[in-house]
Amino acid sequence: IKGAGIMTYQCKKAVVSLISNVIVFFILFNKLNVLANGDSQVWGKFFLYLLGVMVATNIVVTLVFNIIHNTFSKYTAPITQDERDQTIELKSVRNFCFLLSFGFFVSMAALAFQQPITTMFAVMAMTVLAASIALYASYIFYYQRGY
């Protein structure tokens, strides 16, 4: 609904996913203490854990969100996607990919300019976080804008 200020199911789901991804990122980042260790092995563990935990968290959060939403809302979750939903998803994923690619090239540039390898990993970690935020922020923006 364009300009109505009503948060749709998709926006609520994106907000919940955004918050859960940021929380998971910082919990893993602090748990592994990657900046203090600076070891490539620790960074490797961080990225593997991050991938696995984010996927598992997104599945659990989506299931719990759907249960809570269907219980407390008079509106049910949409079952199918129309062309508008598909367009919004494609634009959001495009923004995610652009940001992730840009961050990858920046991290490689850090290596090219003889920065320590930990700088490359730190840039990649922040890029993953920023790209995740951009993905869900794009969903929210496009749905609120009415694309």
# chains A, B, ... in the order shown; residues from 1 in each chain; ligands from 1

call {"tool": "select_by_dssp", "arguments": {"residues": "stretch 2-134 of chain A", "states": "helix (DSSP H, G or I)", "output": "VMD selection string"}}
result
chain A and resid 9 to 32 34 to 37 40 to 72 83 to 112 117 to 134

call {"tool": "closest_atom_pairs", "arguments": {"of": "stretch 2-63 of chain A", "to": "stretch 67-84 of chain A", "cutoff": "12 Å", "atoms": "only C-alpha atoms", "output": "JSON lines"}}
result
{"residue": "A:Met7", "atom": "CA", "partner": "A:Tyr75", "partner_atom": "CA", "distance": 11.9}
{"residue": "A:Thr8", "atom": "CA", "partner": "A:Ala77", "partner_atom": "CA", "distance": 9.7}
{"residue": "A:Tyr9", "atom": "CA", "partner": "A:Ala77", "partner_atom": "CA", "distance": 6.6}
{"residue": "A:Gln10", "atom": "CA", "partner": "A:Ala77", "partner_atom": "CA", "distance": 8.6}
{"residue": "A:Cys11", "atom": "CA", "partner": "A:Ala77", "partner_atom": "CA", "distance": 11.7}
{"residue": "A:Lys12", "atom": "CA", "partner": "A:His69", "partner_atom": "CA", "distance": 9.2}
{"residue": "A:Lys13", "atom": "CA", "partner": "A:His69", "partner_atom": "CA", "distance": 9.3}
{"residue": "A:Val16", "atom": "CA", "partner": "A:His69", "partner_atom": "CA", "distance": 11.4}
{"residue": "A:Val60", "atom": "CA", "partner": "A:Ile67", "partner_atom": "CA", "distance": 10.7}
{"residue": "A:Val61", "atom": "CA", "partner": "A:Ile67", "partner_atom": "CA", "distance": 9.8}
{"residue": "A:Thr62", "atom": "CA", "partner": "A:Ile67", "partner_atom": "CA", "distance": 8.6}
{"residue": "A:Leu63", "atom": "CA", "partner": "A:Ile67", "partner_atom": "CA", "distance": 6.3}

call {"tool": "write_last_selection", "arguments": {"atoms": "C-alpha atoms", "output": "compact mmCIF listing (two decimals), in the first residue's frame"}}
result
# COMPACT_ATOMS: atom_id res chain seq x y z
CA MET A 7 4.06 -2.14 7.63
CA THR A 8 3.36 -5.14 5.43
CA TYR A 9 4.14 -8.75 6.23
CA GLN A 10 7.25 -8.56 4.02
CA CYS A 11 8.53 -5.44 5.83
CA LYS A 12 8.00 -6.99 9.25
CA LYS A 13 9.78 -10.14 8.13
CA VAL A 16 13.11 -9.30 12.05
CA VAL A 60 14.39 -20.60 12.60
CA VAL A 61 13.56 -16.89 12.68
CA THR A 62 11.33 -17.22 9.61
CA LEU A 63 9.46 -20.17 11.13

call {"tool": "closest_residue", "arguments": {"among": "A:Asn66, A:Ser20, A:Thr87, A:Asn33", "to": "A:Gly146", "atoms": "only C-alpha atoms"}}
result
A:Thr87

call {"tool": "residues_around", "arguments": {"residues": "A:Phe47", "least_positions_apart": "6", "cutoff": "12 Å", "atoms": "only C-alpha atoms", "output": "list in words"}}
result
Phe25, Leu28, Phe29, Leu32, Val34, Ser40, Gln41, Val53, Met54, Phe121, Ala122, Met124, Ala125, Met126, Thr127, Val128 and Leu129 of chain A

call {"tool": "residues_around", "arguments": {"residues": "stretch 93-101 of chain A", "least_positions_apart": "5", "cutoff": "9 Å", "atoms": "only C-alpha atoms", "output": "ChimeraX atom specification"}}
result
/A:88,106,124,127-128,130-136,138

call {"tool": "closest_residue", "arguments": {"among": "A:Ser107, A:Ser17, A:Asn30, A:Thr119", "to": "A:Val64", "atoms": "only C-alpha atoms"}}
result
A:Ser17

call {"tool": "decode", "arguments": {"residues": "stretch 27-72 of chain A", "atoms": "N, CA and C atoms", "output": "PDB file, in the first residue's frame"}}
result
ATOM      1  N   ILE A  27      27.543 -11.465  17.761  1.00  0.00           N
ATOM      2  CA  ILE A  27      27.789 -12.529  18.745  1.00  0.00           C
ATOM      3  C   ILE A  27      28.969 -13.390  18.295  1.00  0.00           C
ATOM      4  N   LEU A  28      28.969 -13.808  17.037  1.00  0.00           N
ATOM      5  CA  LEU A  28      30.079 -14.621  16.533  1.00  0.00           C
ATOM      6  C   LEU A  28      31.381 -13.829  16.490  1.00  0.00           C
ATOM      7  N   PHE A  29      31.288 -12.570  16.096  1.00  0.00           N
ATOM      8  CA  PHE A  29      32.474 -11.718  16.001  1.00  0.00           C
ATOM      9  C   PHE A  29      33.128 -11.577  17.374  1.00  0.00           C
ATOM     10  N   ASN A  30      32.320 -11.365  18.400  1.00  0.00           N
ATOM     11  CA  ASN A  30      32.856 -11.217  19.751  1.00  0.00           C
ATOM     12  C   ASN A  30      33.271 -12.546  20.357  1.00  0.00           C
ATOM     13  N   LYS A  31      32.506 -13.615  20.059  1.00  0.00           N
ATOM     14  CA  LYS A  31      32.811 -14.929  20.628  1.00  0.00           C
ATOM     15  C   LYS A  31      34.170 -15.431  20.154  1.00  0.00           C
ATOM     16  N   LEU A  32      34.426 -15.298  18.869  1.00  0.00           N
ATOM     17  CA  LEU A  32      35.697 -15.783  18.332  1.00  0.00           C
ATOM     18  C   LEU A  32      36.831 -14.787  18.540  1.00  0.00           C
ATOM     19  N   ASN A  33      36.485 -13.548  18.916  1.00  0.00           N
ATOM     20  CA  ASN A  33      37.483 -12.517  19.192  1.00  0.00           C
ATOM     21  C   ASN A  33      38.491 -12.416  18.043  1.00  0.00           C
ATOM     22  N   VAL A  34      37.967 -12.304  16.834  1.00  0.00           N
ATOM     23  CA  VAL A  34      38.796 -12.382  15.636  1.00  0.00           C
ATOM     24  C   VAL A  34      39.783 -11.221  15.514  1.00  0.00           C
ATOM     25  N   LEU A  35      39.424 -10.049  15.975  1.00  0.00           N
ATOM     26  CA  LEU A  35      40.344  -8.916  15.850  1.00  0.00           C
ATOM     27  C   LEU A  35      41.552  -9.077  16.762  1.00  0.00           C
ATOM     28  N   ALA A  36      41.348  -9.634  17.936  1.00  0.00           N
ATOM     29  CA  ALA A  36      42.458  -9.805  18.872  1.00  0.00           C
ATOM     30  C   ALA A  36      43.385 -10.937  18.418  1.00  0.00           C
ATOM     31  N   ASN A  37      42.802 -12.026  17.915  1.00  0.00           N
ATOM     32  CA  ASN A  37      43.624 -13.157  17.483  1.00  0.00           C
ATOM     33  C   ASN A  37      44.333 -12.861  16.169  1.00  0.00           C
ATOM     34  N   GLY A  38      43.590 -12.325  15.197  1.00  0.00           N
ATOM     35  CA  GLY A  38      44.178 -11.952  13.923  1.00  0.00           C
ATOM     36  C   GLY A  38      44.731 -13.110  13.105  1.00  0.00           C
ATOM     37  N   ASP A  39      44.500 -14.309  13.532  1.00  0.00           N
ATOM     38  CA  ASP A  39      45.014 -15.488  12.853  1.00  0.00           C
ATOM     39  C   ASP A  39      44.085 -15.852  11.696  1.00  0.00           C
ATOM     40  N   SER A  40      44.668 -16.272  10.568  1.00  0.00           N
ATOM     41  CA  SER A  40      43.828 -16.640   9.424  1.00  0.00           C
ATOM     42  C   SER A  40      42.934 -17.826   9.735  1.00  0.00           C
ATOM     43  N   GLN A  41      43.389 -18.720  10.592  1.00  0.00           N
ATOM     44  CA  GLN A  41      42.571 -19.866  10.960  1.00  0.00           C
ATOM     45  C   GLN A  41      41.320 -19.412  11.720  1.00  0.00           C
ATOM     46  N   VAL A  42      41.460 -18.449  12.590  1.00  0.00           N
ATOM     47  CA  VAL A  42      40.322 -17.923  13.342  1.00  0.00           C
ATOM     48  C   VAL A  42      39.355 -17.219  12.393  1.00  0.00           C
ATOM     49  N   TRP A  43      39.904 -16.473  11.442  1.00  0.00           N
ATOM     50  CA  TRP A  43      39.031 -15.820  10.454  1.00  0.00           C
ATOM     51  C   TRP A  43      38.285 -16.853   9.618  1.00  0.00           C
ATOM     52  N   GLY A  44      38.976 -17.925   9.232  1.00  0.00           N
ATOM     53  CA  GLY A  44      38.312 -18.988   8.480  1.00  0.00           C
ATOM     54  C   GLY A  44      37.171 -19.613   9.262  1.00  0.00           C
ATOM     55  N   LYS A  45      37.409 -19.892  10.548  1.00  0.00           N
ATOM     56  CA  LYS A  45      36.343 -20.419  11.404  1.00  0.00           C
ATOM     57  C   LYS A  45      35.193 -19.432  11.502  1.00  0.00           C
ATOM     58  N   PHE A  46      35.537 -18.158  11.631  1.00  0.00           N
ATOM     59  CA  PHE A  46      34.497 -17.131  11.737  1.00  0.00           C
ATOM     60  C   PHE A  46      33.581 -17.152  10.527  1.00  0.00           C
ATOM     61  N   PHE A  47      34.161 -17.171   9.320  1.00  0.00           N
ATOM     62  CA  PHE A  47      33.328 -17.135   8.114  1.00  0.00           C
ATOM     63  C   PHE A  47      32.515 -18.423   7.938  1.00  0.00           C
ATOM     64  N   LEU A  48      33.093 -19.564   8.279  1.00  0.00           N
ATOM     65  CA  LEU A  48      32.335 -20.815   8.187  1.00  0.00           C
ATOM     66  C   LEU A  48      31.194 -20.846   9.198  1.00  0.00           C
ATOM     67  N   TYR A  49      31.485 -20.450  10.430  1.00  0.00           N
ATOM     68  CA  TYR A  49      30.430 -20.389  11.446  1.00  0.00           C
ATOM     69  C   TYR A  49      29.369 -19.370  11.052  1.00  0.00           C
ATOM     70  N   LEU A  50      29.812 -18.239  10.556  1.00  0.00           N
ATOM     71  CA  LEU A  50      28.877 -17.183  10.177  1.00  0.00           C
ATOM     72  C   LEU A  50      27.902 -17.679   9.113  1.00  0.00           C
ATOM     73  N   LEU A  51      28.414 -18.339   8.105  1.00  0.00           N
ATOM     74  CA  LEU A  51      27.554 -18.855   7.034  1.00  0.00           C
ATOM     75  C   LEU A  51      26.549 -19.860   7.597  1.00  0.00           C
ATOM     76  N   GLY A  52      27.049 -20.835   8.329  1.00  0.00           N
ATOM     77  CA  GLY A  52      26.160 -21.869   8.861  1.00  0.00           C
ATOM     78  C   GLY A  52      25.147 -21.335   9.860  1.00  0.00           C
ATOM     79  N   VAL A  53      25.601 -20.499  10.773  1.00  0.00           N
ATOM     80  CA  VAL A  53      24.710 -19.978  11.803  1.00  0.00           C
ATOM     81  C   VAL A  53      23.696 -19.009  11.209  1.00  0.00           C
ATOM     82  N   MET A  54      24.102 -18.187  10.243  1.00  0.00           N
ATOM     83  CA  MET A  54      23.142 -17.266   9.617  1.00  0.00           C
ATOM     84  C   MET A  54      22.063 -18.016   8.853  1.00  0.00           C
ATOM     85  N   VAL A  55      22.426 -19.058   8.148  1.00  0.00           N
ATOM     86  CA  VAL A  55      21.428 -19.847   7.420  1.00  0.00           C
ATOM     87  C   VAL A  55      20.458 -20.492   8.400  1.00  0.00           C
ATOM     88  N   ALA A  56      21.004 -21.136   9.432  1.00  0.00           N
ATOM     89  CA  ALA A  56      20.149 -21.796  10.426  1.00  0.00           C
ATOM     90  C   ALA A  56      19.277 -20.777  11.154  1.00  0.00           C
ATOM     91  N   THR A  57      19.844 -19.642  11.515  1.00  0.00           N
ATOM     92  CA  THR A  57      19.090 -18.601  12.213  1.00  0.00           C
ATOM     93  C   THR A  57      17.976 -18.052  11.340  1.00  0.00           C
ATOM     94  N   ASN A  58      18.265 -17.831  10.068  1.00  0.00           N
ATOM     95  CA  ASN A  58      17.227 -17.313   9.165  1.00  0.00           C
ATOM     96  C   ASN A  58      16.069 -18.296   9.027  1.00  0.00           C
ATOM     97  N   ILE A  59      16.360 -19.575   8.988  1.00  0.00           N
ATOM     98  CA  ILE A  59      15.296 -20.575   8.901  1.00  0.00           C
ATOM     99  C   ILE A  59      14.453 -20.557  10.172  1.00  0.00           C
ATOM    100  N   VAL A  60      15.112 -20.594  11.320  1.00  0.00           N
ATOM    101  CA  VAL A  60      14.394 -20.603  12.601  1.00  0.00           C
ATOM    102  C   VAL A  60      13.609 -19.318  12.792  1.00  0.00           C
ATOM    103  N   VAL A  61      14.230 -18.183  12.508  1.00  0.00           N
ATOM    104  CA  VAL A  61      13.556 -16.889  12.679  1.00  0.00           C
ATOM    105  C   VAL A  61      12.342 -16.791  11.759  1.00  0.00           C
ATOM    106  N   THR A  62      12.463 -17.265  10.534  1.00  0.00           N
ATOM    107  CA  THR A  62      11.330 -17.225   9.606  1.00  0.00           C
ATOM    108  C   THR A  62      10.185 -18.102  10.112  1.00  0.00           C
ATOM    109  N   LEU A  63      10.515 -19.289  10.595  1.00  0.00           N
ATOM    110  CA  LEU A  63       9.464 -20.168  11.128  1.00  0.00           C
ATOM    111  C   LEU A  63       8.778 -19.549  12.344  1.00  0.00           C
ATOM    112  N   VAL A  64       9.562 -19.057  13.291  1.00  0.00           N
ATOM    113  CA  VAL A  64       8.999 -18.452  14.494  1.00  0.00           C
ATOM    114  C   VAL A  64       8.205 -17.199  14.141  1.00  0.00           C
ATOM    115  N   PHE A  65       8.739 -16.390  13.227  1.00  0.00           N
ATOM    116  CA  PHE A  65       8.029 -15.181  12.812  1.00  0.00           C
ATOM    117  C   PHE A  65       6.680 -15.524  12.190  1.00  0.00           C
ATOM    118  N   ASN A  66       6.659 -16.536  11.312  1.00  0.00           N
ATOM    119  CA  ASN A  66       5.395 -16.919  10.674  1.00  0.00           C
ATOM    120  C   ASN A  66       4.381 -17.424  11.691  1.00  0.00           C
ATOM    121  N   ILE A  67       4.838 -18.202  12.663  1.00  0.00           N
ATOM    122  CA  ILE A  67       3.930 -18.704  13.695  1.00  0.00           C
ATOM    123  C   ILE A  67       3.363 -17.543  14.506  1.00  0.00           C
ATOM    124  N   ILE A  68       4.230 -16.644  14.951  1.00  0.00           N
ATOM    125  CA  ILE A  68       3.778 -15.502  15.757  1.00  0.00           C
ATOM    126  C   ILE A  68       2.883 -14.583  14.932  1.00  0.00           C
ATOM    127  N   HIS A  69       3.284 -14.326  13.694  1.00  0.00           N
ATOM    128  CA  HIS A  69       2.496 -13.432  12.836  1.00  0.00           C
ATOM    129  C   HIS A  69       1.106 -14.005  12.583  1.00  0.00           C
ATOM    130  N   ASN A  70       1.038 -15.283  12.276  1.00  0.00           N
ATOM    131  CA  ASN A  70      -0.262 -15.902  11.996  1.00  0.00           C
ATOM    132  C   ASN A  70      -1.126 -16.020  13.254  1.00  0.00           C
ATOM    133  N   THR A  71      -0.489 -16.094  14.409  1.00  0.00           N
ATOM    134  CA  THR A  71      -1.232 -16.193  15.659  1.00  0.00           C
ATOM    135  C   THR A  71      -1.833 -14.852  16.072  1.00  0.00           C
ATOM    136  N   PHE A  72      -1.053 -13.789  15.947  1.00  0.00           N
ATOM    137  CA  PHE A  72      -1.477 -12.496  16.480  1.00  0.00           C
ATOM    138  C   PHE A  72      -1.988 -11.507  15.444  1.00  0.00           C
TER     139      PHE A  72
END
